[in-house]
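Each remark here refers to the structure printed beneath this line.
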Amino acid sequence: MNDATFEKIKIGWFVNSCSEDNTIMFTELLNDHWQEWKRIFDFRNVRVLKKNNLFDEFDIAFVEGAVASPEHEARLKKIREISKKVVAVGACAVTGLPASQRNTFTPEQKEAVQFLVDRFGALPDVKKVADVVEVDASVPGCPMNTDMFLKAVNALVVELRPELSTSKD
Amino acid sequence: MHMINIELEQITKIEGDGAMSITIEDGRCTSAKFKIEEYKRFFTEAMKGKSILAIPSHLSRICGTCSNAHIMAAIEACEMALDIEPTEQTKMLRALTMHGLTIRDHALHLYLFCMPDIYEKDAFLDFDENDPHEHQLLHDGFAIKSAGNFLATIIAGRSVHAMFPTIGGFIKFPDDAQVSEAIEKLKGVREASLRLVTEFMNAPFHFDRKTDYMALLPDEGYGYINGKIRTSKGDVYDEKLYRELVEHVVLPYSQASAYKYKGDPYMVGALARMNIAKDKLHPKTKESCAEALALFPSTDIFHNNLAQAIEIVHSIDESIDLLTKNKIEKEDVIKKPYREATGIGVIEAPRGALYHKVHVGDDGKVIDGEVIVPTGQNQINIEEDCGRLVEQMVAQGIDDKEKITWEIEKLIRAYDPCLSCGAHFLKLDLKVT
């Protein structure tokens with residue numbers, strides 16, 4: 001298929017509170033998939049890859065990390081509004097942990113860290129992505145399971161743009 | 001009054017996010033604040049009460065890209081606490097783990113983050129496959145990253161949050177076929193790594209401000225795990241004395257801790273290592289990179305990129321030697337009874353000295369601990385460099401906001417900050433009056 005004849009799938013990759021291990025795994029997946037993904041994906045907002053990022057509409061928004069602040073929460077709701085599909089990637093996004101480990105601290109531990117939670121206006125409890133918005137797919141793992149990620153991506157490509165799929169699944 | 005206000009919503013192509021605000025009054029920088037705004041996940045608080053056996057994988061979750069360095073530092077600290085001396089093979093496998101990390105991480109930084117600036121592209125993926133030179137760089141970049149990733153995967157189980165290294169050894173070992181494949185992959189990208197050195201030796205960006213620096217370096221050779229901490233002031237410290245080196249500085253606007261040494265800011269990372277120990281690189285690396293190595297010692301922060309490129313060559317050469325000259329055999333993990341003790345682990349992560357401390361009780365439960373990351377140590381130096389850079393640009397009559405922002409972004413990228421270790425969301429607030 002000629003590249004000029006189809007509209008690419010608009011991709012966003014967003015990071016909340018986490019180690020960004022899934023972002024790193026994504027950049028490692030590029031080692032083998034960059035030519036195919038460059039052909040079919042419009043990396044519209046991927047901060048780790050590019051400077052000029054748009055925040056208007058996405059076919060697939062990948063969200064990494066837990067929701068730790070009101071800003072995270074507000075942006076996530078906006079992402080949901082402007083995205084056809086939202087995919088939670090990695091343990092912090094899917095389960096909240098380990099970014100949400102302070103939720104289950106002992107009273108003594110909570111007292112030790114509370115001044116920092118307050119100083120920077122963090123949420124009282126850290127949330128997983130599904131606590132804030134509806135998610136269409138989840139890729140668990142710390143880091144994410146890359147086979148599951150590829151399977152999820154291929155399934156969404158088939159659903160959104162079957163003509164672009166090269167998957168044999 | 002002449003005033004410039006710049007709001008940069010995000011510094012892109014770095015690991016994590018942070019914020020920068022700069023004020024210039026009458027041509028002088030009166031305030032430069034590098035705000036590390038990562039919402040704290042409290043890993044050191046969460047250590048308390050955990051089994052010491054869980055600490056390496058727990059602390060690796062501080063950061064994705066630096067995770068294997070955190071694992072190595074934590075294992076070293078825990079083994080010191082438990083009085084465990086690893087075998088020679090374990091030491092070699094840990095060295096290979098760090099070489100795999102260094103190759104992968106430096107290649108990510110140099111190709112995907114920094115190289116688009118040189119070619120005035122938005123992204124590495126925007127390089128033109130129909131242009132022979134850019135085509136070569138695209139394929140070089142992903143091939144080098146892939147080789148580093150493969151090395152880390154066969155030795156440590158994964159290039160992120162490795163599964164095989166543990167306190168007392170490794171739990172799984174590569175077979176001969178995997179070792180042979182790794183050697184071939186590494187040999188296959190050596191020429192590409194030399195092209196990378198040439199790219200950054202000829203890169204047009206420079207910013208030089210005299211500064212102090214320090215690095216952990218072995219007495220023999222050039223490695224990332226053992227040795228003493230050496231400073232540009234000529235001081236040498238044993239790892240156990242690290243607290244005499246790093247003076248904690250509270251920056252109330254930042255979620256991360258900052259540090260000074262003897263009252264002065266300093267830098268850590270590949271440039272510091274190269275300045276102190278370039279003569280200890282692998283002989284083949286020294287031979288192949290002689291022209292680039294002549295530029296060191298240097299305090300031009302953009303030479304940090306060049307130093308990283310040279311370290312990729314070194315890690316390839318060292319890894320080929322280690323894999324070729326040693327037969328990897330299955331070994332049991334060394335175990336010792338618990339005791340109350342404190343252990344220190346110091347590792348040269350790709351972006352500089354990383355310190356872990358673990359205090360464990362005689363029941364094997366952690367009492368407390370401490371982690372000091374490279375980006376925290378570079379934080380004040382980044383602020384001072386950015387302030388000086390903007391002063392220079394304003395003095396030259398440059399008031400183009402986009403130009404100033406781009407220059408600041410490039411400078412910060414040259415430090416290779418890892419804000420996952422301590423920051424999220426970098427926006428620039430610049431005031432010039």
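Ordering of the structure tokens sets the chain letters (A, B, ...); residue numbers start at 1 within each chain; ligands are numbered from 1 in the order shown.
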(request) Could you please select, counting only C-alpha atoms, the residues of chain A within 9 Å of chain B and state them as a PyMOL selection string? (result) chain A and resi 15-25+27-28+30-32+34-35+38+46-52+68-69+98-102+105+109+112-113+116-117+120+122+142-143
(request) Please give the complete set of residues from chain A that DSSP, run on the backbone, assigns to strand (DSSP E), formatted as number ranges by chain. (result) A: 9-15, 41-46, 58-64, 83-89, 137-139
(message) Can you tell me which residues surround Leu137 in chain B at a distance of at most 9 Å, considering only C-alpha atoms, apart from same-chain residues fewer than 4 positions away, and format the answer as an MDAnalysis selection string?
(response) chainID B and resid 111 127 132:133 141:142 192 195:196
(request) Do a neighbour search on Leu160 in chain A at 10 Å with only C-alpha atoms, toss out local chain neighbours closer than 2 positions, and write the hits as a ChimeraX atom specification. (result) /A:9,59-60,84-85,154-158,162-165
(message) Show me, as an MDAnalysis selection string, the residues that have an atom within 12 Å of Tyr242 in chain B when counting only C-alpha atoms, minus same-chain residues fewer than 6 positions from it.
(response) chainID B and resid 214:216 228:231 236 248 261 343:347 353:357 370:372
Could those residues be written to a file, using C-alpha atoms, as an mmCIF file, in the first residue's frame?
```cif
data_model
loop_
_atom_site.group_PDB
_atom_site.id
_atom_site.type_symbol
_atom_site.label_atom_id
_atom_site.label_comp_id
_atom_site.auth_asym_id
_atom_site.auth_seq_id
_atom_site.Cartn_x
_atom_site.Cartn_y
_atom_site.Cartn_z
ATOM 1 C CA MET B 214 33.706 12.847 40.483
ATOM 2 C CA ALA B 215 33.372 9.176 39.591
ATOM 3 C CA LEU B 216 33.794 5.689 41.013
ATOM 4 C CA LYS B 228 37.216 4.202 44.758
ATOM 5 C CA ILE B 229 35.496 7.517 44.245
ATOM 6 C CA ARG B 230 37.895 9.969 42.658
ATOM 7 C CA THR B 231 37.269 13.689 42.359
ATOM 8 C CA VAL B 236 40.130 9.641 46.660
ATOM 9 C CA HIS B 248 22.679 17.280 51.053
ATOM 10 C CA TYR B 261 30.912 18.564 47.477
ATOM 11 C CA GLY B 343 25.958 -2.106 53.760
ATOM 12 C CA ILE B 344 26.976 0.418 51.120
ATOM 13 C CA GLY B 345 26.669 -0.070 47.363
ATOM 14 C CA VAL B 346 28.188 2.348 44.858
ATOM 15 C CA ILE B 347 27.752 1.893 41.121
ATOM 16 C CA ALA B 353 27.567 7.686 40.636
ATOM 17 C CA LEU B 354 24.657 5.916 42.331
ATOM 18 C CA TYR B 355 24.711 5.287 46.087
ATOM 19 C CA HIS B 356 22.631 2.771 48.040
ATOM 20 C CA LYS B 357 22.739 2.172 51.792
ATOM 21 C CA GLU B 370 19.172 5.630 51.575
ATOM 22 C CA VAL B 371 19.448 6.138 47.815
ATOM 23 C CA ILE B 372 21.346 9.009 46.154
#
```
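With only C-alpha atoms as the atoms that count, the minimum distance from Leu54 in chain A to the choices A:His33, A:His72, A:Arg39, A:Lys10 is reached by A:Lys10.
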(message) Can you tell me, as a VMD selection string, which residues in range 66-142 of chain A count as helix (DSSP H, G or I) by DSSP?
(response) chain A and resid 70 to 81 91 to 95 101 to 104 107 to 119 129 to 131
(request) Please measure the separation of CA of Leu389 in chain B and CA of Leu411 in chain B, giving the value in Å to one decimal. (result)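 It comes out at 8.8 Å.
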(request) For Asp56 in chain A, list every protein, DNA or RNA residue within 12 Å, evaluated using only C-alpha atoms, and leave out those in the same chain fewer than 3 positions away; present the list as a PyMOL selection string. (result) chain A and resi 10-12+44-45+53+59+61+78-84
Output file for the residues above (C-alpha atoms, as a compact mmCIF listing (two decimals), in the first residue's frame):
```
# COMPACT_ATOMS: atom_id res chain seq x y z
CA LYS A 10 -2.75 8.47 15.70
CA ILE A 11 -0.75 7.39 18.74
CA GLY A 12 -0.27 9.06 22.12
CA ARG A 44 1.33 12.36 17.66
CA ASN A 45 2.33 12.77 21.29
CA ASN A 53 3.73 16.92 20.36
CA ASP A 59 -6.81 6.63 17.91
CA ALA A 61 -3.60 6.52 23.85
CA LYS A 78 -9.01 14.73 28.82
CA ILE A 79 -7.04 11.91 27.19
CA ARG A 80 -10.11 9.69 27.53
CA GLU A 81 -12.27 12.37 25.89
CA ILE A 82 -10.07 12.73 22.82
CA SER A 83 -9.03 9.09 22.35
CA LYS A 84 -10.86 6.25 20.65
```
(request) Could you tell me how far CA of Gly168 in chain B lies from CA of Glu79 in chain B, in Å and to one decimal? (result)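 Interatomic distance here is 6.9 Å.
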(message) Under the rule that only C-alpha atoms are counted, which of B:Leu59, B:Ala19, B:Leu241, B:Leu82 is the nearest residue to Glu340 in chain B?
(response)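 Closest residue, counting only C-alpha atoms: B:Leu82.
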(request) For CA of Val333 in chain B and CA of Gly169 in chain B, quote the distance in Å rounded to one decimal. (result) 4.9 Å
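Closest approach to Pro56 in chain B among B:Ile103, B:Ile84, B:Ile171, B:Pro165: B:Pro165, based on only C-alpha atoms.
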(request) Identify, on the basis of only C-alpha atoms, every residue whose closest approach to Leu306 in chain B does not exceed 9 Å; exclude the query and any residue fewer than 6 positions from it along the same chain; express the result as number ranges by chain. (result) B: 110, 196-201, 203, 270-271, 292
